[in-house]
>>> print(open('entry06.txt').read())   # compact mmCIF, C-alpha atoms
# COMPACT_ATOMS: atom_id res chain seq x y z
CA MET A 8 -9.47 61.78 -61.54
CA THR A 9 -9.23 60.92 -57.82
CA PRO A 10 -5.96 59.25 -57.01
CA VAL A 11 -6.30 55.80 -55.46
CA LEU A 12 -4.09 56.74 -52.53
CA GLU A 13 -3.64 60.19 -51.08
CA VAL A 14 -1.40 60.80 -48.10
CA ARG A 15 -1.23 64.24 -46.52
CA GLY A 16 0.96 65.36 -43.64
CA LEU A 17 1.15 61.82 -42.32
CA GLY A 18 3.02 61.41 -39.07
CA PHE A 19 3.63 58.76 -36.44
CA ARG A 20 5.05 59.39 -33.03
CA LEU A 21 5.72 56.57 -30.59
CA PRO A 22 3.36 56.54 -27.61
CA GLY A 23 4.75 57.89 -24.37
CA SER A 24 7.07 60.22 -26.20
CA GLY A 25 5.12 63.41 -25.71
CA LYS A 26 7.62 64.80 -23.25
CA ARG A 27 9.87 67.54 -24.49
CA GLU A 28 13.37 66.17 -24.42
CA ALA A 29 16.33 67.22 -26.50
CA GLY A 30 17.09 63.84 -28.00
CA ASN A 31 13.46 62.91 -28.49
CA VAL A 32 13.21 63.50 -32.23
CA LYS A 33 13.92 59.79 -32.63
CA ALA A 34 10.44 58.97 -31.38
CA GLU A 35 8.90 60.53 -34.47
CA LEU A 36 9.19 57.63 -36.87
CA VAL A 37 7.37 59.36 -39.70
CA ALA A 38 6.68 63.07 -40.11
CA ASP A 39 5.00 65.35 -42.59
CA LEU A 40 4.61 62.77 -45.34
CA SER A 41 2.59 63.73 -48.42
CA PHE A 42 2.20 61.96 -51.73
CA THR A 43 -0.41 60.53 -54.09
CA VAL A 44 -0.52 57.33 -56.08
CA GLY A 45 -2.85 56.85 -59.04
CA ALA A 46 -4.17 53.71 -60.69
CA GLY A 47 -1.47 51.95 -62.69
CA GLU A 48 1.27 53.81 -60.81
CA THR A 49 3.93 52.26 -58.62
CA LEU A 50 5.47 54.48 -55.99
CA VAL A 51 8.74 53.07 -54.74
CA LEU A 52 9.74 54.10 -51.23
CA LEU A 53 13.48 53.93 -50.99
CA GLY A 54 15.48 54.43 -47.83
CA ARG A 55 17.90 53.04 -45.29
CA SER A 56 16.82 50.73 -42.50
CA GLY A 57 14.96 52.83 -39.96
CA SER A 58 14.05 55.56 -42.43
CA GLY A 59 10.35 54.96 -41.84
CA LYS A 60 9.35 53.20 -45.04
CA THR A 61 7.80 50.12 -43.41
CA THR A 62 6.11 52.34 -40.83
CA THR A 63 4.58 54.34 -43.68
CA LEU A 64 3.03 51.21 -45.17
CA LYS A 65 1.60 50.22 -41.83
CA LEU A 66 0.11 53.68 -41.39
CA ILE A 67 -1.71 53.28 -44.69
CA ASN A 68 -3.41 50.02 -43.74
CA ARG A 69 -3.65 51.06 -40.11
CA LEU A 70 -1.59 48.28 -38.60
CA LEU A 71 -0.27 51.40 -36.90
CA GLU A 72 -2.55 54.35 -36.22
CA PRO A 73 -1.30 57.68 -37.55
CA THR A 74 -0.77 60.32 -34.89
CA ALA A 75 -0.94 63.11 -37.47
CA GLY A 76 -2.17 63.72 -40.99
CA ALA A 77 -4.66 61.90 -43.18
CA VAL A 78 -4.85 58.98 -45.57
CA ARG A 79 -7.50 58.81 -48.28
CA ILE A 80 -8.21 55.70 -50.33
CA ALA A 81 -10.30 56.24 -53.47
CA GLY A 82 -11.44 59.51 -51.96
CA GLU A 83 -12.56 58.01 -48.66
CA ASP A 84 -10.94 58.89 -45.34
CA ALA A 85 -9.13 55.73 -44.27
CA GLY A 86 -9.29 56.79 -40.65
CA ALA A 87 -13.08 56.74 -40.68
CA LEU A 88 -13.37 53.20 -42.05
CA ASP A 89 -13.40 50.04 -39.99
CA PRO A 90 -9.74 48.89 -40.08
CA VAL A 91 -10.67 45.32 -40.97
CA CYS A 92 -12.78 46.46 -43.96
CA LEU A 93 -9.99 48.80 -45.01
CA ARG A 94 -7.39 46.06 -44.96
CA ARG A 95 -9.52 43.69 -47.01
CA ARG A 96 -9.53 46.28 -49.77
CA ILE A 97 -5.76 46.59 -49.72
CA GLY A 98 -3.34 43.88 -50.79
CA TYR A 99 -0.43 43.38 -48.37
CA VAL A 100 2.78 41.54 -49.22
CA ILE A 101 5.62 41.25 -46.71
CA GLN A 102 9.19 40.07 -46.99
CA GLU A 103 8.72 36.95 -44.86
CA VAL A 104 5.58 36.16 -46.87
CA GLY A 105 3.68 34.81 -43.86
CA LEU A 106 1.80 32.02 -45.61
CA PHE A 107 -0.34 29.97 -43.25
CA PRO A 108 1.59 26.71 -42.88
CA HIS A 109 -1.50 24.64 -42.18
CA PHE A 110 -3.36 25.81 -45.31
CA THR A 111 -2.77 24.59 -48.86
CA VAL A 112 -1.68 27.11 -51.48
CA GLU A 113 -5.28 27.23 -52.65
CA HIS A 114 -6.58 28.01 -49.15
CA ASN A 115 -3.91 30.63 -48.63
CA VAL A 116 -4.65 32.46 -51.86
CA GLY A 117 -8.41 32.23 -51.41
CA LEU A 118 -8.35 33.55 -47.85
CA VAL A 119 -9.81 37.03 -48.26
CA PRO A 120 -12.49 35.92 -50.74
CA ARG A 121 -13.48 33.27 -48.23
CA LEU A 122 -13.63 35.81 -45.39
CA GLU A 123 -15.77 37.97 -47.66
CA GLY A 124 -18.15 35.08 -48.31
CA TRP A 125 -17.61 34.48 -52.00
CA ALA A 126 -19.17 31.36 -53.52
CA PRO A 127 -16.78 28.37 -53.53
CA GLU A 128 -16.77 28.05 -57.32
CA ARG A 129 -15.92 31.72 -57.69
CA ILE A 130 -13.07 31.37 -55.20
CA ALA A 131 -11.69 28.28 -56.95
CA ALA A 132 -11.79 29.98 -60.34
CA ARG A 133 -10.13 33.10 -58.96
CA VAL A 134 -7.37 31.04 -57.30
CA ARG A 135 -6.64 29.23 -60.58
CA GLU A 136 -6.55 32.53 -62.43
CA LEU A 137 -4.14 34.11 -59.95
CA LEU A 138 -1.78 31.16 -59.70
CA ALA A 139 -1.45 31.20 -63.49
CA LEU A 140 -0.87 34.96 -63.35
CA VAL A 141 2.07 34.60 -60.97
CA GLY A 142 3.56 31.79 -62.99
CA LEU A 143 2.52 28.76 -60.93
CA ASP A 144 0.66 25.93 -62.63
CA PRO A 145 -2.62 25.61 -60.70
CA GLY A 146 -2.83 21.87 -61.26
CA THR A 147 0.55 21.29 -59.63
CA PHE A 148 0.55 23.92 -56.93
CA ALA A 149 -2.98 24.42 -55.63
CA GLY A 150 -2.84 21.41 -53.36
CA ARG A 151 0.68 21.92 -52.05
CA TYR A 152 1.62 23.19 -48.62
CA PRO A 153 3.98 26.14 -48.02
CA HIS A 154 6.74 23.96 -46.64
CA GLU A 155 6.81 22.14 -49.97
CA LEU A 156 7.60 25.34 -51.87
CA SER A 157 10.82 27.21 -52.57
CA GLY A 158 11.27 30.81 -51.38
CA GLY A 159 10.48 32.22 -54.80
CA GLN A 160 7.37 30.08 -55.14
CA ARG A 161 6.18 31.14 -51.70
CA GLN A 162 6.46 34.80 -52.53
CA ARG A 163 4.57 34.23 -55.79
CA VAL A 164 1.79 32.72 -53.69
CA GLY A 165 2.07 35.73 -51.37
CA VAL A 166 1.49 38.10 -54.28
CA ALA A 167 -1.40 35.98 -55.59
CA ARG A 168 -2.94 36.04 -52.12
CA ALA A 169 -2.70 39.82 -51.97
CA LEU A 170 -4.44 40.13 -55.34
CA ALA A 171 -7.22 37.66 -54.59
CA ALA A 172 -10.00 40.09 -53.68
CA ASP A 173 -8.96 42.42 -56.52
CA PRO A 174 -7.90 45.34 -54.31
CA LEU A 175 -7.39 48.87 -55.64
CA LEU A 176 -4.15 49.29 -53.79
CA LEU A 177 -1.22 46.99 -53.15
CA LEU A 178 1.34 47.52 -50.39
CA LEU A 179 4.58 45.58 -50.71
CA ASP A 180 7.26 45.62 -48.03
CA GLU A 181 10.56 44.45 -49.53
CA PRO A 182 8.78 41.46 -51.06
CA PHE A 183 11.87 40.08 -52.79
CA GLY A 184 14.32 40.90 -50.00
CA ALA A 185 14.65 37.37 -48.68
CA LEU A 186 15.30 35.74 -52.05
CA ASP A 187 18.55 34.79 -53.71
CA PRO A 188 19.80 37.30 -56.33
CA VAL A 189 18.90 35.17 -59.34
CA THR A 190 15.32 34.50 -58.21
CA ARG A 191 15.07 38.10 -57.15
CA VAL A 192 15.86 39.46 -60.63
CA GLU A 193 13.54 36.89 -62.17
CA LEU A 194 10.63 37.93 -59.96
CA GLN A 195 11.35 41.62 -60.53
CA GLY A 196 11.02 41.06 -64.26
CA GLU A 197 7.76 39.19 -63.91
CA PHE A 198 6.47 41.76 -61.47
CA ARG A 199 7.22 44.53 -63.95
CA SER A 200 5.08 42.92 -66.63
CA LEU A 201 2.39 42.26 -64.05
CA GLU A 202 2.32 45.94 -63.07
CA GLY A 203 1.41 46.90 -66.59
CA ARG A 204 -1.36 44.32 -66.87
CA LEU A 205 -2.99 44.90 -63.50
CA GLY A 206 -3.30 48.68 -63.55
CA LYS A 207 -3.35 48.88 -59.77
CA ALA A 208 -1.90 51.52 -57.49
CA MET A 209 1.11 50.18 -55.63
CA VAL A 210 3.46 51.32 -52.91
CA PHE A 211 6.65 49.27 -53.04
CA VAL A 212 9.17 49.56 -50.23
CA THR A 213 12.77 48.60 -50.88
CA HIS A 214 16.30 49.56 -49.96
CA ASP A 215 17.65 48.37 -53.31
CA VAL A 216 18.09 51.29 -55.71
CA ARG A 217 18.29 49.17 -58.81
CA GLU A 218 15.06 47.41 -57.90
CA GLY A 219 13.45 50.79 -57.32
CA LEU A 220 14.62 52.20 -60.64
CA ARG A 221 13.41 49.10 -62.43
CA LEU A 222 9.95 48.86 -60.91
CA GLY A 223 8.88 52.39 -59.97
CA THR A 224 6.91 54.91 -61.99
CA ARG A 225 8.00 57.35 -59.31
CA ILE A 226 10.47 57.04 -56.48
CA GLY A 227 10.30 58.59 -53.05
CA VAL A 228 13.45 58.65 -50.95
CA MET A 229 12.93 58.65 -47.19
CA GLN A 230 15.37 59.72 -44.56
CA GLY A 231 14.70 60.02 -40.85
CA GLY A 232 10.98 59.57 -41.38
CA ARG A 233 10.67 62.33 -43.95
CA LEU A 234 10.41 62.33 -47.72
CA VAL A 235 13.52 64.05 -49.04
CA PHE A 236 12.93 63.37 -52.72
CA LEU A 237 9.94 62.48 -54.88
CA GLY A 238 10.17 62.10 -58.64
CA THR A 239 10.57 59.87 -61.68
CA PRO A 240 13.55 57.51 -62.06
CA GLU A 241 15.14 59.96 -64.53
CA GLU A 242 14.75 62.82 -62.06
CA LEU A 243 16.27 60.61 -59.36
CA ARG A 244 19.38 60.00 -61.43
CA ARG A 245 19.87 63.76 -61.80
CA ALA A 246 18.98 64.70 -58.22
CA GLU A 247 21.49 66.44 -55.99
CA HIS A 248 20.22 65.68 -52.50
CA PRO A 249 23.04 63.99 -50.51
CA GLU A 250 20.96 61.02 -49.42
CA VAL A 251 19.85 60.36 -53.00
CA ARG A 252 23.41 60.58 -54.23
CA ALA A 253 24.51 58.20 -51.48
CA PHE A 254 22.01 55.63 -52.72
CA LEU A 255 22.98 56.07 -56.36
CA GLU A 256 26.65 55.73 -55.53
CA ALA A 257 26.04 52.58 -53.55
CA ALA A 258 24.18 50.97 -56.47
CA MET B 2 -19.76 2.42 -8.31
CA ASP B 3 -16.44 0.73 -8.85
CA LEU B 4 -13.32 2.56 -7.82
CA LEU B 5 -11.77 2.72 -11.30
CA GLY B 6 -14.93 4.36 -12.55
CA GLN B 7 -14.83 6.87 -9.70
CA HIS B 8 -11.21 7.60 -10.50
CA LEU B 9 -11.99 8.20 -14.16
CA TYR B 10 -14.88 10.41 -13.16
CA LEU B 11 -12.68 12.59 -10.95
CA VAL B 12 -10.02 12.97 -13.63
CA ALA B 13 -12.46 13.55 -16.49
CA ILE B 14 -14.54 16.22 -14.75
CA SER B 15 -11.56 18.08 -13.35
CA THR B 16 -9.58 18.00 -16.61
CA GLY B 17 -12.66 19.15 -18.49
CA LEU B 18 -13.10 22.08 -16.13
CA ALA B 19 -9.39 22.92 -16.24
CA VAL B 20 -9.53 23.03 -20.04
CA ALA B 21 -12.73 25.11 -20.03
CA LEU B 22 -11.10 27.61 -17.68
CA GLY B 23 -7.47 27.31 -18.70
CA VAL B 24 -7.61 27.64 -22.47
CA PRO B 25 -9.63 30.89 -22.49
CA LEU B 26 -7.36 32.21 -19.75
CA GLY B 27 -4.29 31.33 -21.81
CA ILE B 28 -5.80 33.06 -24.84
CA LEU B 29 -6.52 36.12 -22.70
CA LEU B 30 -2.89 36.25 -21.61
CA THR B 31 -1.78 36.50 -25.23
CA ARG B 32 -3.96 39.57 -25.60
CA ARG B 33 -3.30 41.25 -22.24
CA ALA B 34 0.36 41.57 -21.41
CA ALA B 35 -0.36 43.17 -18.05
CA TRP B 36 -2.02 40.02 -16.70
CA ARG B 37 0.71 37.57 -17.57
CA ALA B 38 3.00 37.90 -14.61
CA LEU B 39 0.12 37.77 -12.14
CA VAL B 40 -1.79 34.84 -13.59
CA LEU B 41 1.21 32.67 -14.39
CA GLY B 42 2.73 33.52 -11.02
CA LEU B 43 -0.43 32.54 -9.18
CA ALA B 44 -0.83 29.29 -11.07
CA ASN B 45 2.78 28.52 -10.29
CA VAL B 46 2.23 29.12 -6.57
CA PHE B 47 -0.77 26.78 -6.50
CA GLN B 48 1.24 24.15 -8.32
CA THR B 49 3.84 24.06 -5.60
CA ILE B 50 1.38 23.44 -2.77
CA PRO B 51 1.54 19.73 -1.84
CA SER B 52 -1.71 17.98 -2.71
CA LEU B 53 -2.63 16.82 0.76
CA ALA B 54 -2.07 20.35 2.02
CA LEU B 55 -4.30 21.78 -0.70
CA PHE B 56 -7.01 19.29 0.22
CA GLY B 57 -6.55 20.46 3.79
CA PHE B 58 -7.14 24.11 2.78
CA LEU B 59 -10.21 23.27 0.73
CA ILE B 60 -12.02 21.05 3.25
CA PRO B 61 -13.25 23.91 5.48
CA LEU B 62 -14.63 25.56 2.34
CA LEU B 63 -16.07 22.62 0.45
CA GLY B 64 -16.26 19.78 2.95
CA ILE B 65 -14.92 16.31 2.25
CA GLY B 66 -15.82 14.31 -0.83
CA ALA B 67 -15.55 14.30 -4.60
CA TRP B 68 -16.07 18.01 -5.25
CA THR B 69 -13.22 19.06 -3.00
CA ALA B 70 -10.98 16.64 -4.83
CA ILE B 71 -12.20 17.98 -8.18
CA ALA B 72 -11.51 21.56 -7.08
CA ALA B 73 -7.95 20.65 -6.15
CA LEU B 74 -7.43 18.75 -9.40
CA VAL B 75 -8.63 21.74 -11.40
CA VAL B 76 -6.13 23.95 -9.57
CA TYR B 77 -3.29 21.56 -10.47
CA GLY B 78 -4.43 21.28 -14.05
CA LEU B 79 -4.55 25.01 -14.63
CA LEU B 80 -0.86 25.84 -14.79
CA PRO B 81 0.18 23.44 -17.56
CA ILE B 82 -2.91 24.29 -19.60
CA VAL B 83 -2.74 28.06 -19.23
CA ARG B 84 0.99 28.16 -19.74
CA ASN B 85 0.93 25.92 -22.81
CA THR B 86 -2.00 27.75 -24.36
CA TYR B 87 -0.15 31.02 -23.93
CA ALA B 88 3.17 29.61 -25.17
CA GLY B 89 1.58 27.81 -28.10
CA ILE B 90 -0.16 30.90 -29.40
CA ALA B 91 2.77 33.21 -28.66
CA GLY B 92 4.99 30.79 -30.56
CA VAL B 93 3.11 31.25 -33.83
CA ASP B 94 5.38 32.84 -36.43
CA PRO B 95 4.96 36.63 -36.12
CA ALA B 96 5.04 36.95 -39.92
CA VAL B 97 1.97 34.72 -40.12
CA ARG B 98 0.18 36.89 -37.58
CA GLU B 99 1.21 40.09 -39.37
CA ALA B 100 0.12 38.75 -42.74
CA GLY B 101 -3.21 37.68 -41.28
CA ARG B 102 -3.90 41.02 -39.64
CA GLY B 103 -2.66 42.93 -42.68
CA MET B 104 -5.06 41.08 -44.94
CA GLY B 105 -8.01 42.03 -42.81
CA MET B 106 -8.68 39.12 -40.48
CA THR B 107 -10.55 40.07 -37.34
CA ASP B 108 -9.04 39.07 -34.03
CA ARG B 109 -11.48 36.18 -33.71
CA GLU B 110 -10.78 34.94 -37.25
CA LEU B 111 -7.06 35.08 -36.56
CA LEU B 112 -7.55 33.16 -33.31
CA THR B 113 -9.83 30.43 -34.65
CA MET B 114 -8.44 29.99 -38.14
CA VAL B 115 -4.75 30.50 -37.49
CA GLU B 116 -3.49 30.73 -33.91
CA LEU B 117 -5.42 27.90 -32.28
CA PRO B 118 -4.85 25.35 -35.06
CA LEU B 119 -1.14 26.14 -35.09
CA ALA B 120 -0.94 26.03 -31.28
CA ALA B 121 -3.07 22.89 -30.96
CA ALA B 122 -0.20 20.44 -30.46
CA VAL B 123 1.36 22.54 -27.69
CA ILE B 124 -2.00 23.07 -25.99
CA LEU B 125 -2.66 19.36 -26.10
CA ALA B 126 0.74 18.75 -24.51
CA GLY B 127 -0.41 20.91 -21.61
CA ILE B 128 -3.67 18.99 -21.33
CA ARG B 129 -1.68 15.79 -21.35
CA VAL B 130 0.43 16.93 -18.39
CA ALA B 131 -2.68 18.07 -16.54
CA THR B 132 -4.34 14.69 -17.11
CA VAL B 133 -1.38 12.65 -15.94
CA VAL B 134 -0.93 14.81 -12.84
CA GLY B 135 -4.67 14.51 -12.28
CA VAL B 136 -4.54 10.71 -12.31
CA GLY B 137 -1.78 10.84 -9.73
CA VAL B 138 -3.34 13.39 -7.37
CA ALA B 139 -6.71 11.64 -7.62
CA THR B 140 -5.11 8.65 -5.93
CA ILE B 141 -4.68 10.79 -2.84
CA ALA B 142 -8.27 11.97 -3.06
CA ALA B 143 -9.30 8.77 -1.30
CA ALA B 144 -7.86 10.26 1.88
CA ILE B 145 -10.61 12.88 1.91
CA GLY B 146 -13.46 10.59 1.04
CA ALA B 147 -13.55 11.21 -2.70
CA GLY B 148 -13.24 7.57 -3.68
CA GLY B 149 -11.09 6.35 -6.53
CA LEU B 150 -8.28 3.82 -6.72
CA GLY B 151 -6.56 5.36 -3.70
CA VAL B 152 -9.17 3.67 -1.53
CA TYR B 153 -7.51 0.30 -2.15
CA ILE B 154 -4.08 1.77 -1.49
CA PHE B 155 -4.97 3.40 1.80
CA ARG B 156 -6.98 0.41 3.00
CA GLY B 157 -4.18 -1.90 1.97
CA VAL B 158 -1.67 0.17 3.93
CA ALA B 159 -3.95 0.20 6.97
CA VAL B 160 -4.28 -3.61 7.11
CA VAL B 161 -0.83 -4.29 5.59
CA ASP B 162 -2.26 -6.20 2.61
CA TYR B 163 0.07 -5.89 -0.39
CA THR B 164 -2.42 -7.39 -2.83
CA LEU B 165 -4.90 -4.70 -1.89
CA ILE B 166 -2.28 -1.99 -2.28
CA LEU B 167 -1.41 -3.25 -5.75
CA ALA B 168 -5.07 -3.50 -6.68
CA GLY B 169 -5.11 0.25 -6.43
CA ALA B 170 -1.56 1.19 -7.39
CA LEU B 171 -1.30 -0.88 -10.56
CA PRO B 172 -4.44 0.35 -12.31
CA ALA B 173 -3.58 3.92 -11.30
CA ALA B 174 -0.13 3.65 -12.84
CA LEU B 175 -1.50 1.98 -15.98
CA LEU B 176 -4.17 4.63 -16.27
CA ALA B 177 -1.55 7.37 -16.14
CA LEU B 178 0.55 5.65 -18.78
CA ALA B 179 -2.45 5.06 -21.03
CA ALA B 180 -3.57 8.68 -20.78
CA ASP B 181 -0.04 9.87 -21.50
CA GLY B 182 0.27 7.54 -24.47
CA LEU B 183 -3.08 8.32 -26.06
CA LEU B 184 -2.74 12.06 -25.69
CA GLY B 185 0.82 11.86 -26.92
CA LEU B 186 -0.44 10.16 -30.06
CA ALA B 187 -3.08 12.83 -30.59
CA GLN B 188 -0.46 15.51 -30.03
CA ARG B 189 1.82 14.12 -32.70
CA ARG B 190 -1.03 13.98 -35.21
CA LEU B 191 -1.72 17.68 -34.60
CA ALA B 192 1.79 19.03 -34.93
CA TRP B 193 2.27 21.16 -38.03
CA ARG B 194 5.51 21.63 -39.83
CA ARG B 195 6.39 25.32 -40.10
>>> encode(input="entry06.txt", output="structure tokens")
Amino acid sequence: MTPVLEVRGLGFRLPGSGKREAGNVKAELVADLSFTVGAGETLVLLGRSGSGKTTTLKLINRLLEPTAGAVRIAGEDAGALDPVCLRRRIGYVIQEVGLFPHFTVEHNVGLVPRLEGWAPERIAARVRELLALVGLDPGTFAGRYPHELSGGQRQRVGVARALAADPLLLLLDEPFGALDPVTRVELQGEFRSLEGRLGKAMVFVTHDVREGLRLGTRIGVMQGGRLVFLGTPEELRRAEHPEVRAFLEAA
Amino acid sequence: MDLLGQHLYLVAISTGLAVALGVPLGILLTRRAAWRALVLGLANVFQTIPSLALFGFLIPLLGIGAWTAIAALVVYGLLPIVRNTYAGIAGVDPAVREAGRGMGMTDRELLTMVELPLAAAVILAGIRVATVVGVGVATIAAAIGAGGLGVYIFRGVAVVDYTLILAGALPAALLALAADGLLGLAQRRLAWRR
């Protein structure tokens, strides 16, 4: 069965850093990255700030263009697709959420379906369905504006928005990072049950080990732009790599 | 044609042209970093040229009359409009832009559905400044045969008739205040809470 996401030898080097200089390894933000993610699987990318995890996400949806390696989505070469088409097939959730302040919750969630030209009734039904899925009563919330929502509510809308066009793959960049600890744990729990129901492939970036252990089917630890560990949560707990141990000790 | 009408004509045409040129230019600056210093610098230079001097430079090229005045007014209107268009769009929350791009909006969709609506209040503020400056500079346009309320002012000065001077100065001042007030109102209606 073709994995939903296949990454092979992925690399990203900052432009203008082709010169050979001793201290120039820093310009390679991601190097030699390979992994696959199947439907229903969540790959957690764990790492320190600057380890390349956010860069990796952006290489998958081509907000940054890879300078090496290949990305395949449902068997198709992502590099050969039109980036806009590619991104509409991938859900993208970021830490700051980025809801459009001048759109209602309904307009925000229904954005990609609207760009894709869905019929208005279909969009409205889909929005109601998704708001209920993320735990927001459609009747109350559809007409509200982002500034009228709490942080947790905004991120729920962010997740609903990413799911709107029913993408195969979901990319989440520290989605709960800006929330208070109580809301954070609450959303993690709901997200976990959602993972099971949706059956989508997900790549979830975080620097919180506990969150990673809770939500990941597999965990990849990144350091200096490279993957230094890839395995199940149980394997992670038994791993001996120094960076992995550092994370476990800090938890 | 009465002088108030002429004055309005000068301001309306020149502001319209300044918007038609300035807004696209401002949008371009948000997409082309290399042009920013040059374009904003140039607009700034033109802004500092005294109006009568600018008229003086343009007369050999365009002759005397309304179109020379309009050309000068467009030049003065460009800086506030270009600068505010650029600043308004650049001031949009980067997370909003990233989310939009990440979800698969094309550059045009991002511009028309997100950036321009969110920048609208700031852009309108620039148009407001351009309009008010335009009303003021248009008063001087009378000196080069372009008509407008300045005609009363200059004639009044020439024959030392204060009533005549006021007949031009008062409406001009009121016009500037009215434009400022109306556009200010529109600007407040457009501002979005972040």
>>> interface_residues(input="entry06.txt", of="chain A", to="chain B", cutoff="8 Å", atoms="only C-alpha atoms", output="list of chain:residue names")
A:Asn68, A:Leu70, A:Pro90, A:Val91, A:Cys92, A:Leu93, A:Arg94, A:Arg95, A:Ile97, A:Gly98, A:Tyr99, A:Val100, A:Ile101, A:Glu103, A:Val104, A:Gly105, A:Leu106, A:Phe107, A:Pro108, A:His109, A:Val119, A:Leu122, A:His154, A:Ala169
>>> closest_residue(input="entry06.txt", among="B:Ala179, B:Leu167, B:Val12, B:Leu41", to="B:Asn85", atoms="only C-alpha atoms")
B:Leu41
>>> atom_distance(input="entry06.txt", atom1="atom CA of A:Leu243", atom2="atom CA of A:Gly219")
10.4 Å
>>> atom_distance(input="entry06.txt", atom1="atom CA of A:Met209", atom2="atom CA of A:Val141")
16.5 Å
>>> atom_distance(input="entry06.txt", atom1="atom CA of B:Leu5", atom2="atom CA of B:Val76")
22.0 Å
>>> closest_residue(input="entry06.txt", among="B:Ala147, B:Leu79, B:Leu191, B:Val160", to="B:Val24", atoms="only C-alpha atoms")
B:Leu79
>>> residues_around(input="entry06.txt", residues="B:Ala131", least_positions_apart="3", cutoff="10 Å", atoms="only C-alpha atoms", output="compact mmCIF listing (two decimals) with C-alpha atoms, keeping the file's coordinate frame")
# COMPACT_ATOMS: atom_id res chain seq x y z
CA VAL B 12 -10.02 12.97 -13.63
CA SER B 15 -11.56 18.08 -13.35
CA THR B 16 -9.58 18.00 -16.61
CA ALA B 19 -9.39 22.92 -16.24
CA VAL B 20 -9.53 23.03 -20.04
CA LEU B 74 -7.43 18.75 -9.40
CA VAL B 75 -8.63 21.74 -11.40
CA VAL B 76 -6.13 23.95 -9.57
CA TYR B 77 -3.29 21.56 -10.47
CA GLY B 78 -4.43 21.28 -14.05
CA LEU B 79 -4.55 25.01 -14.63
CA LEU B 80 -0.86 25.84 -14.79
CA PRO B 81 0.18 23.44 -17.56
CA ILE B 82 -2.91 24.29 -19.60
CA LEU B 125 -2.66 19.36 -26.10
CA ALA B 126 0.74 18.75 -24.51
CA GLY B 127 -0.41 20.91 -21.61
CA ILE B 128 -3.67 18.99 -21.33
CA VAL B 134 -0.93 14.81 -12.84
CA GLY B 135 -4.67 14.51 -12.28
CA VAL B 136 -4.54 10.71 -12.31
CA GLY B 137 -1.78 10.84 -9.73
CA ASP B 181 -0.04 9.87 -21.50
>>> residues_around(input="entry06.txt", residues="stretch 34-40 of chain B", least_positions_apart="6", cutoff="10 Å", atoms="only C-alpha atoms", output="ChimeraX atom specification")
/B:26-27,46,80,83-84,87
>>> residues_around(input="entry06.txt", residues="stretch 151-155 of chain B", least_positions_apart="3", cutoff="7 Å", atoms="all atoms listed in the file", output="MDAnalysis selection string")
chainID B and resid 140:143 148 158:159 165:166 168:170
>>> closest_residue(input="entry06.txt", among="B:Gly23, B:Ile145, B:Gly92, B:Leu29", to="B:Leu63", atoms="all atoms listed in the file")
B:Ile145
>>> residues_around(input="entry06.txt", residues="stretch 196-200 of chain A", least_positions_apart="3", cutoff="6 Å", atoms="all atoms listed in the file", output="list in words")
Glu193, Gly203 and Leu222 of chain A
>>> residues_around(input="entry06.txt", residues="A:Asp187", least_positions_apart="5", cutoff="9 Å", atoms="all atoms listed in the file", output="short mmCIF file (atom, residue, chain, number, x, y, z; two decimals) with C-alpha atoms, in the coordinates of the input")
data_model
loop_
_atom_site.label_atom_id
_atom_site.label_comp_id
_atom_site.auth_asym_id
_atom_site.auth_seq_id
_atom_site.Cartn_x
_atom_site.Cartn_y
_atom_site.Cartn_z
CA GLY A 158 11.27 30.81 -51.38
CA GLY A 159 10.48 32.22 -54.80
CA VAL A 192 15.86 39.46 -60.63
#
>>> decode(input="entry06.txt", residues="stretch 42-66 of chain B", atoms="C-alpha atoms", output="compact mmCIF listing (two decimals), in the first residue's frame")
# COMPACT_ATOMS: atom_id res chain seq x y z
CA GLY B 42 13.27 57.61 -2.20
CA LEU B 43 12.15 59.17 -5.46
CA ALA B 44 8.65 59.87 -4.22
CA ASN B 45 10.18 61.46 -1.16
CA VAL B 46 12.38 63.73 -3.29
CA PHE B 47 9.41 64.90 -5.35
CA GLN B 48 7.48 65.59 -2.18
CA THR B 49 10.08 68.02 -0.96
CA ILE B 50 10.07 70.16 -4.09
CA PRO B 51 8.05 73.33 -3.37
CA SER B 52 4.86 73.39 -5.43
CA LEU B 53 5.53 76.58 -7.34
CA ALA B 54 8.95 75.25 -8.25
CA LEU B 55 7.46 71.98 -9.49
CA PHE B 56 4.98 73.93 -11.60
CA GLY B 57 7.96 75.85 -12.93
CA PHE B 58 9.71 72.60 -13.98
CA LEU B 59 6.61 71.22 -15.64
CA ILE B 60 5.60 74.29 -17.67
CA PRO B 61 8.28 73.86 -20.38
CA LEU B 62 7.09 70.27 -20.77
CA LEU B 63 3.34 70.62 -20.53
CA GLY B 64 2.62 74.31 -20.96
CA ILE B 65 0.40 76.29 -18.61
CA GLY B 66 -3.10 75.22 -17.66
